[in-house]
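Trainee: This is coords-v9.pdb, which holds PDB, C-alpha atoms, pLDDT in the B column:
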```pdb
ATOM      1  CA  MET A   1     172.870  56.385 118.965  1.00 78.00           C
ATOM      2  CA  LYS A   2     176.344  57.655 119.698  1.00 85.00           C
ATOM      3  CA  LEU A   3     177.106  61.238 118.743  1.00 90.00           C
ATOM      4  CA  SER A   4     180.224  62.130 116.775  1.00 91.00           C
ATOM      5  CA  GLY A   5     183.070  63.788 118.645  1.00 94.00           C
ATOM      6  CA  ILE A   6     182.476  67.280 117.225  1.00 96.00           C
ATOM      7  CA  THR A   7     178.734  67.011 117.919  1.00 95.00           C
ATOM      8  CA  ARG A   8     179.416  66.037 121.527  1.00 95.00           C
ATOM      9  CA  ILE A   9     181.778  68.994 121.902  1.00 97.00           C
ATOM     10  CA  TRP A  10     179.144  71.418 120.604  1.00 97.00           C
ATOM     11  CA  LEU A  11     176.350  69.828 122.628  1.00 97.00           C
ATOM     12  CA  TYR A  12     178.172  69.563 125.947  1.00 97.00           C
ATOM     13  CA  GLY A  13     179.999  72.859 125.443  1.00 98.00           C
ATOM     14  CA  THR A  14     176.897  74.906 124.749  1.00 98.00           C
ATOM     15  CA  PHE A  15     174.911  73.020 127.399  1.00 98.00           C
ATOM     16  CA  SER A  16     177.619  73.727 129.995  1.00 98.00           C
ATOM     17  CA  LEU A  17     177.759  77.394 129.034  1.00 98.00           C
ATOM     18  CA  LEU A  18     173.975  77.612 129.180  1.00 97.00           C
ATOM     19  CA  PHE A  19     173.798  75.897 132.560  1.00 98.00           C
ATOM     20  CA  GLY A  20     176.715  77.884 133.987  1.00 98.00           C
ATOM     21  CA  THR A  21     175.345  81.260 132.945  1.00 98.00           C
ATOM     22  CA  GLY A  22     171.857  80.312 134.160  1.00 97.00           C
ATOM     23  CA  LEU A  23     173.181  79.170 137.519  1.00 98.00           C
ATOM     24  CA  GLY A  24     175.322  82.280 137.731  1.00 97.00           C
ATOM     25  CA  TRP A  25     172.281  84.441 137.031  1.00 96.00           C
ATOM     26  CA  VAL A  26     170.279  82.659 139.758  1.00 96.00           C
ATOM     27  CA  LEU A  27     173.077  83.021 142.318  1.00 97.00           C
ATOM     28  CA  LEU A  28     174.528  86.434 141.425  1.00 97.00           C
ATOM     29  CA  ASN A  29     171.706  88.215 139.567  1.00 94.00           C
ATOM     30  CA  ARG A  30     174.123  89.975 137.195  1.00 94.00           C
ATOM     31  CA  SER A  31     172.700  91.267 133.912  1.00 94.00           C
ATOM     32  CA  VAL A  32     175.830  90.346 131.957  1.00 97.00           C
ATOM     33  CA  LEU A  33     175.226  86.677 132.840  1.00 97.00           C
ATOM     34  CA  LEU A  34     171.683  86.922 131.548  1.00 95.00           C
ATOM     35  CA  LYS A  35     172.977  88.347 128.252  1.00 96.00           C
ATOM     36  CA  PHE A  36     175.467  85.478 127.885  1.00 97.00           C
ATOM     37  CA  HIS A  37     172.719  83.034 128.860  1.00 98.00           C
ATOM     38  CA  GLY A  38     170.515  84.349 126.054  1.00 96.00           C
ATOM     39  CA  ALA A  39     173.364  84.106 123.541  1.00 97.00           C
ATOM     40  CA  ALA A  40     174.211  80.570 124.668  1.00 97.00           C
ATOM     41  CA  ALA A  41     170.530  79.657 124.329  1.00 97.00           C
ATOM     42  CA  MET A  42     170.544  80.741 120.682  1.00 97.00           C
ATOM     43  CA  VAL A  43     173.564  78.551 119.933  1.00 97.00           C
ATOM     44  CA  PHE A  44     172.091  75.647 121.891  1.00 98.00           C
ATOM     45  CA  LEU A  45     168.862  75.893 119.883  1.00 97.00           C
ATOM     46  CA  VAL A  46     170.882  75.390 116.699  1.00 97.00           C
ATOM     47  CA  VAL A  47     172.688  72.376 118.182  1.00 97.00           C
ATOM     48  CA  PHE A  48     169.438  70.910 119.509  1.00 97.00           C
ATOM     49  CA  GLY A  49     167.774  71.478 116.138  1.00 96.00           C
ATOM     50  CA  MET A  50     170.649  69.672 114.461  1.00 96.00           C
ATOM     51  CA  LEU A  51     170.073  66.623 116.699  1.00 96.00           C
ATOM     52  CA  LEU A  52     166.355  66.282 115.920  1.00 95.00           C
ATOM     53  CA  PRO A  53     166.612  64.922 112.347  1.00 95.00           C
ATOM     54  CA  THR A  54     169.681  62.837 113.139  1.00 94.00           C
ATOM     55  CA  HIS A  55     170.185  61.557 116.672  1.00 94.00           C
ATOM     56  CA  VAL A  56     166.559  61.752 117.809  1.00 94.00           C
ATOM     57  CA  LYS A  57     165.095  60.305 114.612  1.00 94.00           C
ATOM     58  CA  LYS A  58     167.536  57.381 114.640  1.00 93.00           C
ATOM     59  CA  GLY A  59     166.962  56.766 118.351  1.00 91.00           C
ATOM     60  CA  ILE A  60     163.205  56.606 117.868  1.00 92.00           C
ATOM     61  CA  ALA A  61     163.569  54.250 114.910  1.00 93.00           C
ATOM     62  CA  ALA A  62     165.931  52.000 116.883  1.00 91.00           C
ATOM     63  CA  LYS A  63     163.610  52.126 119.921  1.00 88.00           C
ATOM     64  CA  LYS A  64     166.497  53.050 122.206  1.00 85.00           C
ATOM     65  CA  ASN A  65     166.429  55.364 125.222  1.00 87.00           C
ATOM     66  CA  ARG A  66     162.930  56.512 124.328  1.00 90.00           C
ATOM     67  CA  ALA A  67     161.851  57.185 127.924  1.00 90.00           C
ATOM     68  CA  SER A  68     164.918  59.212 128.900  1.00 90.00           C
ATOM     69  CA  GLY A  69     165.037  60.855 125.467  1.00 93.00           C
ATOM     70  CA  SER A  70     161.385  61.862 125.705  1.00 95.00           C
ATOM     71  CA  LEU A  71     161.970  63.303 129.172  1.00 95.00           C
ATOM     72  CA  LEU A  72     164.985  65.230 127.891  1.00 96.00           C
ATOM     73  CA  ILE A  73     163.146  66.570 124.829  1.00 97.00           C
ATOM     74  CA  GLY A  74     160.115  67.479 126.946  1.00 97.00           C
ATOM     75  CA  SER A  75     162.304  69.308 129.459  1.00 97.00           C
ATOM     76  CA  LEU A  76     164.132  71.187 126.718  1.00 97.00           C
ATOM     77  CA  ALA A  77     160.840  72.094 125.020  1.00 97.00           C
ATOM     78  CA  ALA A  78     159.507  73.434 128.323  1.00 98.00           C
ATOM     79  CA  LEU A  79     162.706  75.446 128.816  1.00 98.00           C
ATOM     80  CA  ILE A  80     162.333  76.903 125.320  1.00 97.00           C
ATOM     81  CA  VAL A  81     158.694  77.861 125.913  1.00 97.00           C
ATOM     82  CA  THR A  82     159.310  79.315 129.375  1.00 98.00           C
ATOM     83  CA  GLY A  83     162.340  81.206 128.048  1.00 97.00           C
ATOM     84  CA  TYR A  84     160.139  82.694 125.334  1.00 96.00           C
ATOM     85  CA  PHE A  85     157.521  83.707 127.915  1.00 96.00           C
ATOM     86  CA  LEU A  86     160.189  85.374 130.057  1.00 94.00           C
ATOM     87  CA  TYR A  87     160.854  87.754 127.170  1.00 91.00           C
ATOM     88  CA  TYR A  88     157.440  88.150 125.592  1.00 94.00           C
ATOM     89  CA  ALA A  89     154.689  87.382 128.142  1.00 91.00           C
ATOM     90  CA  GLY A  90     152.457  90.365 128.706  1.00 87.00           C
ATOM     91  CA  SER A  91     151.144  89.195 132.048  1.00 93.00           C
ATOM     92  CA  GLU A  92     153.302  89.498 135.158  1.00 94.00           C
ATOM     93  CA  GLY A  93     151.691  86.318 136.548  1.00 95.00           C
ATOM     94  CA  VAL A  94     152.742  84.343 133.454  1.00 96.00           C
ATOM     95  CA  ARG A  95     156.256  85.774 133.699  1.00 95.00           C
ATOM     96  CA  THR A  96     156.545  84.833 137.379  1.00 96.00           C
ATOM     97  CA  PHE A  97     155.319  81.286 136.759  1.00 97.00           C
ATOM     98  CA  SER A  98     157.577  80.955 133.699  1.00 97.00           C
ATOM     99  CA  SER A  99     160.563  82.220 135.679  1.00 97.00           C
ATOM    100  CA  GLN A 100     160.049  79.699 138.483  1.00 98.00           C
ATOM    101  CA  LEU A 101     159.463  76.782 136.121  1.00 98.00           C
ATOM    102  CA  HIS A 102     162.401  77.800 133.904  1.00 98.00           C
ATOM    103  CA  THR A 103     164.710  77.989 136.930  1.00 98.00           C
ATOM    104  CA  PHE A 104     163.588  74.610 138.273  1.00 98.00           C
ATOM    105  CA  LEU A 105     163.893  72.864 134.892  1.00 98.00           C
ATOM    106  CA  GLY A 106     167.198  74.562 134.155  1.00 98.00           C
ATOM    107  CA  LEU A 107     168.719  73.460 137.448  1.00 97.00           C
ATOM    108  CA  ALA A 108     167.406  69.913 136.905  1.00 97.00           C
ATOM    109  CA  SER A 109     168.522  69.702 133.268  1.00 97.00           C
ATOM    110  CA  PRO A 110     172.036  68.301 133.917  1.00 97.00           C
ATOM    111  CA  VAL A 111     170.486  65.398 135.834  1.00 95.00           C
ATOM    112  CA  VAL A 112     168.133  64.646 132.934  1.00 95.00           C
ATOM    113  CA  LEU A 113     170.944  64.857 130.353  1.00 95.00           C
ATOM    114  CA  VAL A 114     173.342  62.687 132.390  1.00 92.00           C
ATOM    115  CA  ALA A 115     170.584  60.119 133.002  1.00 91.00           C
ATOM    116  CA  HIS A 116     169.925  59.938 129.255  1.00 92.00           C
ATOM    117  CA  VAL A 117     173.619  59.464 128.470  1.00 90.00           C
ATOM    118  CA  LEU A 118     174.231  56.913 131.247  1.00 88.00           C
ATOM    119  CA  TYR A 119     171.167  54.844 130.343  1.00 84.00           C
ATOM    120  CA  ARG A 120     173.058  53.696 127.247  1.00 76.00           C
ATOM    121  CA  TYR A 121     175.824  52.272 129.420  1.00 77.00           C
ATOM    122  CA  LYS A 122     173.325  50.562 131.697  1.00 74.00           C
ATOM    123  CA  ARG A 123     172.004  48.611 128.702  1.00 69.00           C
ATOM    124  CA  LYS A 124     175.561  47.624 127.725  1.00 71.00           C
ATOM    125  CA  ILE A 125     176.306  46.352 131.245  1.00 72.00           C
ATOM    126  CA  TYR A 126     173.127  44.243 131.254  1.00 68.00           C
ATOM    127  CA  ARG A 127     174.109  42.734 127.881  1.00 71.00           C
ATOM    128  CA  VAL A 128     177.574  41.796 129.170  1.00 69.00           C
ATOM    129  CA  ILE A 129     176.082  40.213 132.290  1.00 70.00           C
ATOM    130  CA  ARG A 130     173.517  38.227 130.281  1.00 70.00           C
ATOM    131  CA  ALA A 131     176.194  37.042 127.846  1.00 74.00           C
ATOM    132  CA  SER A 132     178.376  35.770 130.662  1.00 72.00           C
ATOM    133  CA  ILE A 133     175.608  33.747 132.313  1.00 69.00           C
TER     134      ILE A 133
END
```
Re-express the file's structure as C-alpha cells.

Mentor:
Amino acid sequence: MKLSGITRIWLYGTFSLLFGTGLGWVLLNRSVLLKFHGAAAMVFLVVFGMLLPTHVKKGIAAKKNRASGSLLIGSLAALIVTGYFLYYAGSEGVRTFSSQLHTFLGLASPVVLVAHVLYRYKRKIYRVIRASI
C-alpha cells in the first residue's frame, strides 16, 4: 500500500529526526538531544497511530508485506515500551535492560524500515521478470 506524499514526508521526516536525535544522544550524551528525541517520539507516535487504521489495515487485508510489516510494527512496539520504561521503571535493572534494548532496536530501526519499503519493489521486479518469460 503506497503512502501519499504528505504522509511519507511526515513519516520519514519524524523518523529521521527521531533516529538522528537518538543517535546523537548515544554518541554525544547531550541532554538537549534527549529532549528533542522525546518530542520527536511524541510526533512519531501520532504519525504511527495514523498509519494503523489506514496503511497497516489495508496491507493486512491485501496480504502484502506482512512479514516485514510485522517485524516493523513489533520493533516499533518494543521501542515504545522500552521508551516508556526508561521514564517510568522503578527498578534500575529494568531501566538498564530497557536502555540497552531501546538503543539496539533504535539503531536497527532504519534497516527494518528500509527493508519493509524495498520489499515492495522486490515484488514488482519479480512480476516484471515473470511477465517477460

Trainee: Between A:Tyr119, A:Leu101, A:Gly106, A:Met1, which has the minimum distance to A:Gly59 (counting all atoms listed in the file)?

Mentor: A:Met1

Trainee: Which of these residues is nearest to A:Ser99, using all atoms listed in the file: A:Gly13, A:Ile125, A:Gly22, A:Phe48?

Mentor: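 Checking each candidate against A:Ser99, we get A:Gly22 as the closest.
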
Trainee: Evaluated on this file, the PyMOL selection byres ((chain A and resi 24) around 12) picks out some residues - which ones are they, written as a list in words?

Mentor: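 Against this file, the PyMOL selection byres ((chain A and resi 24) around 12) returns the residues Ser16, Leu17, Leu18, Phe19, Gly20, Thr21, Gly22, Leu23, Trp25, Val26, Leu27, Leu28, Asn29, Arg30, Ser31, Val32, Leu33, Leu34, Lys35, Phe36, His37, Thr103, Gly106 and Leu107 of chain A.
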
Trainee: Looking at all atoms listed in the file, which of A:Val46, A:Ala39, A:Leu113, A:Leu105 is the one that sits closest to A:Ser70?

Mentor: A:Leu113

Trainee: Starting from the PyMOL selection byres ((chain A and resi 55) around 12), expand the selection into actual residues of this file and give them as a PyMOL selection string.

Mentor: chain A and resi 1-4+7-8+11+47-54+56-66+69+73

Trainee: Provide the atom CA of A:Lys122 to atom CA of A:Phe15 distance in Å, to one decimal place.

Mentor: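 Straight-line distance from atom CA of A:Lys122 to atom CA of A:Phe15 works out to 22.9 Å.
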
Trainee: Could you check how far atom CA of A:Ala108 sits from atom CA of A:Tyr87, in Å to one decimal?

Mentor: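 These atoms are spaced 21.4 Å apart.
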
Trainee: May I have the residues within 10 Å of A:Ala115 as a list in words, using all atoms listed in the file and disregarding those fewer than 3 positions away in the same chain?

Mentor: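 Counting only the stated atoms, we get Ser68, Gly69, Leu71, Leu72, Ser109, Pro110, Val111, Val112, Leu118, Tyr119 and Arg120 of chain A.
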
Trainee: Kindly save the residues from that selection, with C-alpha atoms included, as a PDB file, in the coordinates of the input.

Mentor:
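Heads up, here's the output in selection-v7.pdb:
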```
ATOM      1  CA  SER A  68     164.918  59.212 128.900  1.00 90.00           C
ATOM      2  CA  GLY A  69     165.037  60.855 125.467  1.00 93.00           C
ATOM      3  CA  LEU A  71     161.970  63.303 129.172  1.00 95.00           C
ATOM      4  CA  LEU A  72     164.985  65.230 127.891  1.00 96.00           C
ATOM      5  CA  SER A 109     168.522  69.702 133.268  1.00 97.00           C
ATOM      6  CA  PRO A 110     172.036  68.301 133.917  1.00 97.00           C
ATOM      7  CA  VAL A 111     170.486  65.398 135.834  1.00 95.00           C
ATOM      8  CA  VAL A 112     168.133  64.646 132.934  1.00 95.00           C
ATOM      9  CA  LEU A 118     174.231  56.913 131.247  1.00 88.00           C
ATOM     10  CA  TYR A 119     171.167  54.844 130.343  1.00 84.00           C
ATOM     11  CA  ARG A 120     173.058  53.696 127.247  1.00 76.00           C
TER      12      ARG A 120
END
```

Trainee: Separation of atom CA of A:Leu86 and atom CA of A:Tyr12, in Å?

Mentor: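 If I compute the distance from atom CA of A:Leu86 to atom CA of A:Tyr12, I get 24.3 Å.
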
Trainee: For stretch 88-99 of chain A, I'd like the enclosing box, axis-aligned and padded by 8 Å on every side, reported as JSON with centre and edge lengths in Å to one decimal.

Mentor:
```
{"center_x": 155.9, "center_y": 85.7, "center_z": 131.5, "size_x": 25.4, "size_y": 25.4, "size_z": 27.8}
```

Trainee: For A:Ala78, work out the shell of residues within 8 Å, counting all atoms listed in the file and skipping chain neighbours fewer than 4 positions away, then give it as a list in words.

Mentor: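 Once the adjacent positions are removed, what remains is Gly74, Thr82, His102 and Leu105 of chain A.
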
Trainee: With N, CA and C atoms as the goal, would you fill in the gaps in stretch 70-100 of chain A and present it as a tab-separated table (two decimals), in the coordinates of the input?

Mentor:
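In the end it all went to selection_32.tsv:
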```tsv
chain	number	residue	atom	x	y	z
A	70	SER	N	162.64	61.10	125.67
A	70	SER	CA	161.38	61.86	125.70
A	70	SER	C	161.38	62.85	126.86
A	71	LEU	N	161.88	62.41	128.01
A	71	LEU	CA	161.97	63.30	129.17
A	71	LEU	C	162.91	64.48	128.87
A	72	LEU	N	164.03	64.18	128.23
A	72	LEU	CA	164.98	65.23	127.89
A	72	LEU	C	164.38	66.21	126.89
A	73	ILE	N	163.75	65.70	125.84
A	73	ILE	CA	163.15	66.57	124.83
A	73	ILE	C	162.01	67.39	125.45
A	74	GLY	N	161.20	66.75	126.28
A	74	GLY	CA	160.12	67.48	126.95
A	74	GLY	C	160.63	68.59	127.84
A	75	SER	N	161.70	68.29	128.59
A	75	SER	CA	162.30	69.31	129.46
A	75	SER	C	162.87	70.47	128.65
A	76	LEU	N	163.56	70.13	127.56
A	76	LEU	CA	164.13	71.19	126.72
A	76	LEU	C	163.03	72.02	126.06
A	77	ALA	N	161.96	71.36	125.62
A	77	ALA	CA	160.84	72.09	125.02
A	77	ALA	C	160.22	73.05	126.04
A	78	ALA	N	160.06	72.58	127.27
A	78	ALA	CA	159.51	73.43	128.32
A	78	ALA	C	160.44	74.60	128.63
A	79	LEU	N	161.74	74.36	128.61
A	79	LEU	CA	162.71	75.45	128.82
A	79	LEU	C	162.63	76.47	127.68
A	80	ILE	N	162.45	76.00	126.46
A	80	ILE	CA	162.33	76.90	125.32
A	80	ILE	C	161.08	77.76	125.45
A	81	VAL	N	159.96	77.12	125.78
A	81	VAL	CA	158.69	77.86	125.91
A	81	VAL	C	158.74	78.85	127.07
A	82	THR	N	159.25	78.40	128.23
A	82	THR	CA	159.31	79.32	129.38
A	82	THR	C	160.31	80.45	129.12
A	83	GLY	N	161.39	80.15	128.41
A	83	GLY	CA	162.34	81.21	128.05
A	83	GLY	C	161.69	82.25	127.15
A	84	TYR	N	160.88	81.79	126.21
A	84	TYR	CA	160.14	82.69	125.33
A	84	TYR	C	159.20	83.57	126.16
A	85	PHE	N	158.46	82.94	127.08
A	85	PHE	CA	157.52	83.71	127.92
A	85	PHE	C	158.23	84.72	128.81
A	86	LEU	N	159.45	84.42	129.23
A	86	LEU	CA	160.19	85.37	130.06
A	86	LEU	C	160.45	86.67	129.29
A	87	TYR	N	160.62	86.57	127.98
A	87	TYR	CA	160.85	87.75	127.17
A	87	TYR	C	159.57	88.40	126.69
A	88	TYR	N	158.57	87.61	126.33
A	88	TYR	CA	157.44	88.15	125.59
A	88	TYR	C	156.08	88.06	126.28
A	89	ALA	N	155.99	87.47	127.46
A	89	ALA	CA	154.69	87.38	128.14
A	89	ALA	C	154.25	88.77	128.57
A	90	GLY	N	152.98	89.07	128.33
A	90	GLY	CA	152.46	90.36	128.71
A	90	GLY	C	152.01	90.41	130.16
A	91	SER	N	151.66	89.27	130.69
A	91	SER	CA	151.14	89.20	132.05
A	91	SER	C	152.27	88.94	133.04
A	92	GLU	N	152.27	89.69	134.13
A	92	GLU	CA	153.30	89.50	135.16
A	92	GLU	C	153.16	88.13	135.83
A	93	GLY	N	151.92	87.64	135.96
A	93	GLY	CA	151.69	86.32	136.55
A	93	GLY	C	152.29	85.22	135.69
A	94	VAL	N	152.15	85.33	134.38
A	94	VAL	CA	152.74	84.34	133.45
A	94	VAL	C	154.26	84.41	133.53
A	95	ARG	N	154.79	85.62	133.60
A	95	ARG	CA	156.26	85.77	133.70
A	95	ARG	C	156.79	85.17	134.99
A	96	THR	N	156.10	85.39	136.09
A	96	THR	CA	156.54	84.83	137.38
A	96	THR	C	156.52	83.31	137.35
A	97	PHE	N	155.42	82.75	136.86
A	97	PHE	CA	155.32	81.29	136.76
A	97	PHE	C	156.39	80.74	135.82
A	98	SER	N	156.57	81.39	134.67
A	98	SER	CA	157.58	80.96	133.70
A	98	SER	C	158.97	81.02	134.29
A	99	SER	N	159.25	82.06	135.06
A	99	SER	CA	160.56	82.22	135.68
A	99	SER	C	160.85	81.08	136.66
A	100	GLN	N	159.86	80.77	137.50
A	100	GLN	CA	160.05	79.70	138.48
A	100	GLN	C	160.21	78.34	137.81
```
